[in-house]
$ cat structure02.txt   # compact mmCIF, C-alpha atoms and all ligand atoms
# COMPACT_ATOMS: atom_id res chain seq x y z
CA MET A 1 0.00 0.00 0.00
CA PRO A 2 1.26 3.51 -0.77
CA ASP A 3 2.34 5.85 2.03
CA GLU A 4 1.74 9.64 2.03
CA ASP A 5 4.16 9.95 -0.92
CA GLY A 6 1.76 7.87 -2.99
CA TYR A 7 3.20 5.32 -5.42
CA PHE A 8 6.38 7.38 -5.93
CA ASP A 9 7.81 6.78 -2.47
CA GLU A 10 11.47 6.82 -1.40
CA ARG A 11 12.19 3.42 -2.96
CA VAL A 12 10.73 4.44 -6.35
CA ALA A 13 12.17 7.99 -6.23
CA ALA A 14 15.68 6.69 -5.59
CA ARG A 15 15.63 4.79 -8.90
CA TYR A 16 13.19 6.90 -10.95
CA ASP A 17 15.71 8.66 -13.22
CA GLU A 18 17.58 5.43 -13.87
CA SER A 19 14.50 3.32 -14.53
CA ALA A 20 12.98 5.96 -16.84
CA ALA A 21 16.38 6.79 -18.38
CA GLU A 22 15.18 6.68 -22.00
CA THR A 23 12.63 9.42 -21.25
CA PHE A 24 15.45 11.74 -20.06
CA ASP A 25 17.16 11.52 -23.46
CA PRO A 26 17.40 14.99 -25.04
CA ALA A 27 15.81 13.51 -28.17
CA VAL A 28 12.68 12.92 -26.04
CA VAL A 29 12.87 15.96 -23.77
CA ASP A 30 13.79 18.70 -26.28
CA PRO A 31 10.59 18.60 -28.37
CA ILE A 32 8.52 18.68 -25.15
CA VAL A 33 10.42 21.69 -23.84
CA ASP A 34 10.27 23.41 -27.25
CA LEU A 35 6.50 23.24 -27.33
CA LEU A 36 5.99 24.19 -23.67
CA ALA A 37 8.41 27.14 -23.95
CA GLU A 38 6.52 28.36 -27.01
CA LEU A 39 3.18 28.10 -25.20
CA ALA A 40 4.57 29.78 -22.07
CA GLY A 41 5.69 32.83 -24.07
CA ASN A 42 6.64 35.51 -21.58
CA GLY A 43 4.58 33.89 -18.81
CA SER A 44 5.12 31.15 -16.25
CA ALA A 45 4.51 27.41 -16.31
CA LEU A 46 2.85 25.12 -13.78
CA GLU A 47 3.76 21.43 -13.85
CA LEU A 48 1.38 18.97 -12.24
CA GLY A 49 3.29 15.96 -10.90
CA ILE A 50 6.67 17.63 -11.40
CA GLY A 51 8.56 14.57 -10.17
CA THR A 52 12.34 14.82 -10.27
CA GLY A 53 12.28 17.68 -12.78
CA ARG A 54 12.76 15.79 -16.05
CA ILE A 55 10.86 18.53 -17.94
CA ALA A 56 10.81 21.39 -15.41
CA LEU A 57 14.59 21.76 -15.18
CA PRO A 58 15.30 22.10 -18.91
CA LEU A 59 12.22 24.33 -19.28
CA ALA A 60 13.51 26.60 -16.51
CA ARG A 61 16.93 26.67 -18.23
CA ARG A 62 15.13 28.14 -21.27
CA GLY A 63 14.13 31.08 -19.07
CA VAL A 64 10.54 29.99 -18.26
CA PRO A 65 9.71 30.35 -14.56
CA VAL A 66 8.30 26.97 -13.46
CA HIS A 67 6.35 25.99 -10.36
CA GLY A 68 5.38 22.42 -9.55
CA ILE A 69 2.73 20.55 -7.59
CA GLU A 70 3.86 17.14 -6.42
CA LEU A 71 2.45 14.55 -4.03
CA SER A 72 5.74 12.87 -3.25
CA ASN A 73 8.28 14.49 -0.94
CA ALA A 74 10.76 11.85 -2.05
CA MET A 75 10.46 12.84 -5.74
CA ALA A 76 10.57 16.57 -4.91
CA ALA A 77 13.72 16.04 -2.83
CA ARG A 78 15.44 14.53 -5.90
CA LEU A 79 14.47 17.61 -7.92
CA ARG A 80 15.75 20.00 -5.24
CA ALA A 81 19.10 18.19 -5.10
CA LYS A 82 19.80 18.75 -8.82
CA PRO A 83 21.57 21.83 -10.22
CA GLY A 84 18.90 24.51 -10.67
CA GLY A 85 16.41 22.55 -8.55
CA GLU A 86 16.53 25.09 -5.71
CA ASP A 87 15.10 27.71 -8.09
CA ILE A 88 11.95 25.74 -8.83
CA GLY A 89 9.16 26.12 -6.29
CA VAL A 90 7.33 22.93 -5.42
CA THR A 91 4.09 22.75 -3.48
CA ILE A 92 3.47 19.37 -1.92
CA GLY A 93 -0.09 18.15 -2.45
CA ASP A 94 -2.63 16.55 -4.78
CA PHE A 95 -2.69 18.36 -8.12
CA ALA A 96 -6.45 17.82 -8.42
CA THR A 97 -7.08 20.16 -5.50
CA THR A 98 -3.89 21.93 -4.37
CA THR A 99 -3.70 25.63 -5.10
CA VAL A 100 -0.59 27.77 -5.52
CA GLU A 101 0.10 31.49 -5.76
CA GLY A 102 0.17 33.18 -9.14
CA ARG A 103 -1.33 32.83 -12.61
CA PHE A 104 0.26 30.80 -15.37
CA SER A 105 0.30 30.99 -19.15
CA VAL A 106 0.70 27.24 -19.44
CA ALA A 107 0.02 24.25 -17.19
CA TYR A 108 1.12 20.76 -18.17
CA LEU A 109 0.62 17.17 -17.09
CA VAL A 110 2.81 14.74 -19.00
CA PHE A 111 3.79 11.07 -19.04
CA ASN A 112 0.25 9.63 -18.62
CA THR A 113 -0.05 11.19 -15.17
CA ILE A 114 -3.71 12.28 -15.64
CA MET A 115 -4.43 8.56 -15.27
CA ASN A 116 -2.91 8.55 -11.77
CA LEU A 117 -6.17 10.18 -10.72
CA THR A 118 -8.29 7.06 -10.40
CA THR A 119 -11.80 8.55 -10.44
CA GLN A 120 -13.67 10.68 -12.95
CA GLU A 121 -14.42 13.16 -10.15
CA ALA A 122 -10.72 13.66 -9.46
CA GLN A 123 -9.90 14.10 -13.15
CA VAL A 124 -12.68 16.69 -13.53
CA ALA A 125 -11.43 18.45 -10.37
CA CYS A 126 -7.95 18.54 -11.91
CA PHE A 127 -9.22 20.38 -15.01
CA ARG A 128 -11.11 22.85 -12.80
CA ASN A 129 -8.03 23.37 -10.63
CA VAL A 130 -5.88 24.03 -13.68
CA ALA A 131 -8.42 26.49 -15.10
CA ALA A 132 -8.34 28.41 -11.82
CA HIS A 133 -4.55 28.78 -12.17
CA LEU A 134 -4.44 29.84 -15.83
CA GLU A 135 -4.55 33.33 -17.22
CA PRO A 136 -7.40 33.84 -19.70
CA GLY A 137 -6.09 32.41 -22.96
CA GLY A 138 -3.64 30.21 -21.03
CA ARG A 139 -3.07 26.65 -22.19
CA PHE A 140 -3.37 23.27 -20.50
CA VAL A 141 -1.27 20.49 -22.08
CA ILE A 142 -1.76 16.80 -21.40
CA GLU A 143 0.37 14.00 -22.80
CA THR A 144 -1.19 10.61 -22.31
CA ALA A 145 -1.20 7.17 -23.85
CA VAL A 146 -3.98 5.72 -25.93
CA THR A 147 -4.95 2.53 -24.13
CA GLU A 148 -4.33 -0.78 -25.88
CA LEU A 149 -7.97 -1.82 -25.56
CA GLN A 150 -8.16 -2.39 -29.33
CA ARG A 151 -5.46 -5.02 -28.98
CA LEU A 152 -7.23 -6.99 -26.25
CA PRO A 153 -8.81 -10.18 -27.61
CA PRO A 154 -12.47 -10.50 -26.53
CA GLY A 155 -12.74 -11.55 -22.89
CA GLU A 156 -9.06 -10.98 -22.08
CA THR A 157 -7.95 -8.33 -19.59
CA ILE A 158 -4.14 -8.43 -19.57
CA ARG A 159 -1.56 -6.95 -21.98
CA ALA A 160 2.20 -7.27 -21.56
CA PHE A 161 3.83 -3.85 -22.06
CA HIS A 162 7.42 -4.78 -21.29
CA VAL A 163 9.31 -8.06 -21.28
CA SER A 164 13.11 -8.15 -20.97
CA GLU A 165 15.77 -10.06 -19.04
CA THR A 166 15.29 -7.98 -15.90
CA LYS A 167 11.88 -6.31 -16.17
CA TRP A 168 8.36 -7.47 -16.86
CA GLY A 169 5.25 -5.30 -17.05
CA PHE A 170 1.58 -6.17 -17.49
CA ASP A 171 -1.43 -3.90 -17.76
CA GLU A 172 -4.66 -5.31 -16.33
CA TYR A 173 -7.85 -3.70 -17.63
CA ASP A 174 -11.19 -3.37 -15.87
CA VAL A 175 -13.45 -2.12 -18.64
CA VAL A 176 -16.43 -1.64 -16.32
CA ARG A 177 -14.79 1.08 -14.23
CA GLN A 178 -12.18 2.27 -16.78
CA GLY A 179 -9.56 0.85 -14.47
CA LEU A 180 -6.05 -0.06 -15.48
CA THR A 181 -3.57 -1.57 -13.07
CA SER A 182 0.05 -1.64 -14.19
CA HIS A 183 1.95 -4.51 -12.61
CA HIS A 184 5.73 -4.04 -12.62
CA PHE A 185 8.19 -6.80 -11.77
CA GLU A 186 11.91 -6.05 -11.72
CA LEU A 187 14.98 -8.06 -10.86
CA VAL A 188 16.97 -5.98 -8.34
CA ASP A 189 20.06 -7.47 -6.66
CA GLY A 190 18.89 -10.97 -7.51
CA ARG A 191 15.37 -10.49 -6.07
CA VAL A 192 12.14 -9.77 -7.95
CA GLU A 193 10.48 -6.58 -6.72
CA ARG A 194 6.83 -5.99 -7.53
CA GLN A 195 4.79 -2.84 -7.72
CA SER A 196 1.17 -2.53 -8.89
CA ILE A 197 -0.14 0.96 -9.65
CA PRO A 198 -3.83 1.75 -10.26
CA PHE A 199 -4.88 4.17 -13.02
CA ARG A 200 -8.09 5.38 -14.60
CA TYR A 201 -7.76 5.39 -18.34
CA VAL A 202 -9.57 8.14 -20.16
CA ARG A 203 -10.20 8.77 -23.83
CA ALA A 204 -9.52 12.05 -25.57
CA ALA A 205 -13.22 12.85 -26.03
CA GLU A 206 -13.86 12.52 -22.28
CA LEU A 207 -10.93 14.84 -21.58
CA ASP A 208 -12.48 17.38 -23.97
CA LEU A 209 -15.71 17.24 -21.98
CA MET A 210 -13.78 17.75 -18.72
CA ALA A 211 -12.11 20.76 -20.33
CA GLU A 212 -15.47 22.18 -21.33
CA LEU A 213 -16.79 21.73 -17.78
CA ALA A 214 -13.78 23.74 -16.61
CA GLY A 215 -14.22 26.55 -19.16
CA MET A 216 -11.58 25.45 -21.65
CA ARG A 217 -11.72 24.39 -25.28
CA LEU A 218 -9.52 22.19 -27.43
CA ARG A 219 -6.96 24.09 -29.51
CA ASP A 220 -4.74 21.25 -30.76
CA ARG A 221 -4.38 17.50 -30.56
CA TRP A 222 -1.29 15.81 -31.93
CA GLY A 223 0.04 12.27 -31.96
CA GLY A 224 3.30 13.42 -30.34
CA TRP A 225 5.37 16.39 -29.24
CA LYS A 226 6.65 17.08 -32.76
CA ARG A 227 3.05 17.86 -33.74
CA GLU A 228 2.60 14.58 -35.60
CA PRO A 229 -0.99 14.04 -36.73
CA PHE A 230 -3.21 12.20 -34.25
CA THR A 231 -4.57 9.13 -36.06
CA SER A 232 -6.14 5.76 -35.30
CA GLU A 233 -2.56 4.40 -35.14
CA SER A 234 -1.29 6.91 -32.55
CA ASP A 235 -0.21 5.35 -29.28
CA GLU A 236 -0.39 8.67 -27.42
CA HIS A 237 -1.77 12.15 -27.78
CA VAL A 238 -0.61 15.58 -26.82
CA SER A 239 -3.65 17.77 -26.32
CA VAL A 240 -3.78 21.51 -25.75
CA TRP A 241 -6.83 23.28 -24.33
CA GLU A 242 -7.24 27.03 -24.01
CA LYS A 243 -8.86 28.74 -21.06
CA LEU A 244 -11.70 30.83 -22.43
CA GLY A 245 -12.18 34.48 -21.63
CA ALA A 246 -9.12 35.99 -23.31
C1 LIG B 1 5.28 9.34 -14.03
S1 LIG B 1 5.83 10.52 -12.86
C2 LIG B 1 6.18 11.90 -13.94
C3 LIG B 1 7.11 12.88 -13.32
C4 LIG B 1 7.52 14.02 -14.24
N1 LIG B 1 6.37 14.80 -14.66
C5 LIG B 1 8.21 13.47 -15.48
O1 LIG B 1 7.71 13.71 -16.58
O2 LIG B 1 9.23 12.79 -15.31
C6 LIG B 1 4.32 11.03 -12.08
C7 LIG B 1 4.54 12.03 -10.96
O3 LIG B 1 3.27 12.55 -10.57
C8 LIG B 1 3.17 12.52 -9.16
N2 LIG B 1 1.73 12.39 -8.83
C9 LIG B 1 0.92 11.33 -9.12
N3 LIG B 1 -0.34 11.60 -8.71
C10 LIG B 1 -0.30 12.83 -8.16
C11 LIG B 1 -1.30 13.67 -7.58
N4 LIG B 1 -2.58 13.28 -7.47
N5 LIG B 1 -0.92 14.88 -7.12
C12 LIG B 1 0.38 15.31 -7.21
N6 LIG B 1 1.36 14.56 -7.77
C13 LIG B 1 1.02 13.34 -8.24
C14 LIG B 1 3.99 11.33 -8.74
O4 LIG B 1 4.38 11.41 -7.37
C15 LIG B 1 5.16 11.42 -9.72
O5 LIG B 1 6.18 12.25 -9.22

$ encode --input "structure02.txt" --output "C-alpha cells"
Amino acid sequence: MPDEDGYFDERVAARYDESAAETFDPAVVDPIVDLLAELAGNGSALELGIGTGRIALPLARRGVPVHGIELSNAMAARLRAKPGGEDIGVTIGDFATTTVEGRFSVAYLVFNTIMNLTTQEAQVACFRNVAAHLEPGGRFVIETAVTELQRLPPGETIRAFHVSETKWGFDEYDVVRQGLTSHHFELVDGRVERQSIPFRYVRAAELDLMAELAGMRLRDRWGGWKREPFTSESDEHVSVWEKLGA
C-alpha cells in the first residue's frame, strides 16, 4: 500500500531517473520543452506531478519560470538536489485540489499522469483546478497514452507492455470502471520486486468534456510532441486546451 508519498515513495524515487532513463534523453525531452516554452511565451509554467524535474529543469533553463505541484516528498527532494532545482518552487499536495500562488500561461501534465487520478471526479477536479490557475487564454497540455484496448482479444484483460531479461510489465484492464492496473516486476540485486499501480484510463473525447466543464476548449491535438498528426494508429496524444475568456 502507498504511504503519504503515494506510489512514488522513497524506494521508487531513488531509482526513478535510472528506470525511466530513455525518457530523459534529449531527443525525447527537447521537443517537449520546445512546445511548452513556445506556449509559455513571456509567462510562467505550472507542472502537475513535477517529479524529479525531467521537464521542469530544462524548461527553466530556457528562461521559463516553473512551479510544480507534487504529491511525493521523495520525488521533490530529488528535484531539489539537482543543479537549478533550488530555483523551482514545489508545493506538496494533490494536483487535483492543491492551489498555488500566481497565474500561469501554461500548465502541463505529462507522461500519462492524468491517469494517476483514479476517479472521474478527481480528473474533472484537476481540469477545474488548472483552469483556476491559468490566465485567460492560457493553455493546458496533457500527454497521455492511448490505451491498448483495441489489442485486447475478446474476454481478455491483460496486456504485456514490457518483457526483458530484468523487467516485466503487465497492464490489467477493468473495462467496467475504466480501471487499469500496471503490474511491474523487476529483478533488483537478484530479487524480484513488484509494484502494482492503479490508473483510470480516459479517452480524448472525455478529456475534452472535462475541459469544457472547466471553461476550456480544445486548440490542438497531436500524436506526439513534434506535432505529428493524431490518427487511429497513434499510441499517445498531446492535447492543448485554451482557457476561455481571453
Ligand atoms: C510518471 S511521474 C512523472 C514525473 C515528471 N512529470 C516526469 O515527466 O518525469 C508522475 C509524478 O506525478 C506525481 N503524482 C501522481 N499523482 C499525483 C497527484 N494526485 N498529485 C500530485 N502529484 C502526483 C507522482 O508522485 C510522480 O512524481

$ closest_residue --input "structure02.txt" --among "A:Val64, A:Ala132, A:Leu48, A:Ile69" --to "A:Thr113" --atoms "all atoms listed in the file"
A:Leu48

$ residues_near_ligand --input "structure02.txt" --ligand "ligand LIG 1 (chain B)" --cutoff "10 Å" --atoms "all atoms listed in the file" --output "MDAnalysis selection string"
chainID A and resid 4:9 12:13 16:17 20:21 23:24 29 32 47:56 68:76 79 91:98 108:118 122:123 126 143 199

$ atom_distance --input "structure02.txt" --atom1 "atom CA of A:Glu135" --atom2 "atom CA of A:Gly224"
25.1 Å

$ closest_residue --input "structure02.txt" --among "A:Gly102, A:Pro65, A:Pro154, A:Pro26" --to "A:Gly84" --atoms "only C-alpha atoms"
A:Pro65

$ atom_distance --input "structure02.txt" --atom1 "atom CA of A:Leu244" --atom2 "atom CA of A:Thr99"
19.8 Å

$ residues_around --input "structure02.txt" --residues "stretch 165-178 of chain A" --least-positions-apart "4" --cutoff "9 Å" --atoms "all atoms listed in the file" --output "VMD selection string"
chain A and resid 118 to 119 149 156 to 161 182 to 188 192 199 to 202

$ residues_around --input "structure02.txt" --residues "stretch 226-234 of chain A" --least-positions-apart "4" --cutoff "10 Å" --atoms "all atoms listed in the file" --output "number ranges by chain"
A: 28, 30-32, 34-35, 145-146, 220-222, 238-239

$ atom_distance --input "structure02.txt" --atom1 "atom CA of A:Pro83" --atom2 "atom CA of A:Ser105"
24.8 Å

$ closest_residue --input "structure02.txt" --among "A:Leu218, A:Leu46, A:Thr147, A:Pro153" --to "A:Arg203" --atoms "all atoms listed in the file"
A:Thr147

$ residues_around --input "structure02.txt" --residues "A:Arg103" --least-positions-apart "6" --cutoff "12 Å" --atoms "only C-alpha atoms" --output "PyMOL selection string"
chain A and resi 40+43-46+65-67+129-139

$ closest_residue --input "structure02.txt" --among "A:Ile197, A:Leu152, A:Val141, A:Ala77" --to "A:Met216" --atoms "only C-alpha atoms"
A:Val141

$ decode --input "structure02.txt" --residues "stretch 166-187 of chain A" --atoms "N, CA and C atoms" --output "compact mmCIF listing (two decimals), in the first residue's frame"
# COMPACT_ATOMS: atom_id res chain seq x y z
N THR A 166 15.33 -8.42 -17.31
CA THR A 166 15.29 -7.98 -15.90
C THR A 166 13.99 -7.29 -15.51
N LYS A 167 13.11 -7.05 -16.48
CA LYS A 167 11.88 -6.31 -16.17
C LYS A 167 10.71 -6.92 -16.91
N TRP A 168 9.58 -6.97 -16.23
CA TRP A 168 8.36 -7.47 -16.86
C TRP A 168 7.21 -6.55 -16.44
N GLY A 169 6.37 -6.17 -17.39
CA GLY A 169 5.25 -5.30 -17.05
C GLY A 169 3.97 -5.76 -17.73
N PHE A 170 2.88 -5.74 -16.96
CA PHE A 170 1.58 -6.17 -17.49
C PHE A 170 0.52 -5.15 -17.09
N ASP A 171 -0.28 -4.75 -18.06
CA ASP A 171 -1.43 -3.90 -17.76
C ASP A 171 -2.66 -4.78 -17.63
N GLU A 172 -3.43 -4.54 -16.56
CA GLU A 172 -4.66 -5.31 -16.33
C GLU A 172 -5.84 -4.34 -16.42
N TYR A 173 -6.73 -4.61 -17.37
CA TYR A 173 -7.85 -3.70 -17.63
C TYR A 173 -9.11 -4.14 -16.89
N ASP A 174 -9.86 -3.15 -16.40
CA ASP A 174 -11.19 -3.37 -15.87
C ASP A 174 -12.11 -2.44 -16.66
N VAL A 175 -12.72 -2.99 -17.72
CA VAL A 175 -13.45 -2.12 -18.64
C VAL A 175 -14.73 -1.57 -18.03
N VAL A 176 -15.20 -2.15 -16.94
CA VAL A 176 -16.43 -1.64 -16.32
C VAL A 176 -16.16 -0.29 -15.65
N ARG A 177 -15.03 -0.19 -14.92
CA ARG A 177 -14.79 1.08 -14.23
C ARG A 177 -13.64 1.89 -14.84
N GLN A 178 -13.30 1.60 -16.09
CA GLN A 178 -12.18 2.27 -16.78
C GLN A 178 -10.91 2.18 -15.94
N GLY A 179 -10.74 1.06 -15.31
CA GLY A 179 -9.56 0.85 -14.47
C GLY A 179 -8.44 0.18 -15.25
N LEU A 180 -7.23 0.53 -14.86
CA LEU A 180 -6.05 -0.06 -15.48
C LEU A 180 -5.01 -0.18 -14.37
N THR A 181 -4.62 -1.40 -14.06
CA THR A 181 -3.57 -1.57 -13.07
C THR A 181 -2.31 -2.02 -13.78
N SER A 182 -1.22 -1.26 -13.59
CA SER A 182 0.05 -1.64 -14.19
C SER A 182 0.86 -2.42 -13.17
N HIS A 183 1.16 -3.65 -13.51
CA HIS A 183 1.95 -4.51 -12.61
C HIS A 183 3.40 -4.51 -13.11
N HIS A 184 4.31 -4.08 -12.26
CA HIS A 184 5.73 -4.04 -12.62
C HIS A 184 6.49 -5.07 -11.80
N PHE A 185 7.30 -5.85 -12.46
CA PHE A 185 8.19 -6.80 -11.77
C PHE A 185 9.60 -6.50 -12.26
N GLU A 186 10.54 -6.38 -11.31
CA GLU A 186 11.91 -6.05 -11.72
C GLU A 186 12.90 -6.83 -10.87
N LEU A 187 13.91 -7.35 -11.56
CA LEU A 187 14.98 -8.06 -10.86
C LEU A 187 15.97 -7.03 -10.31
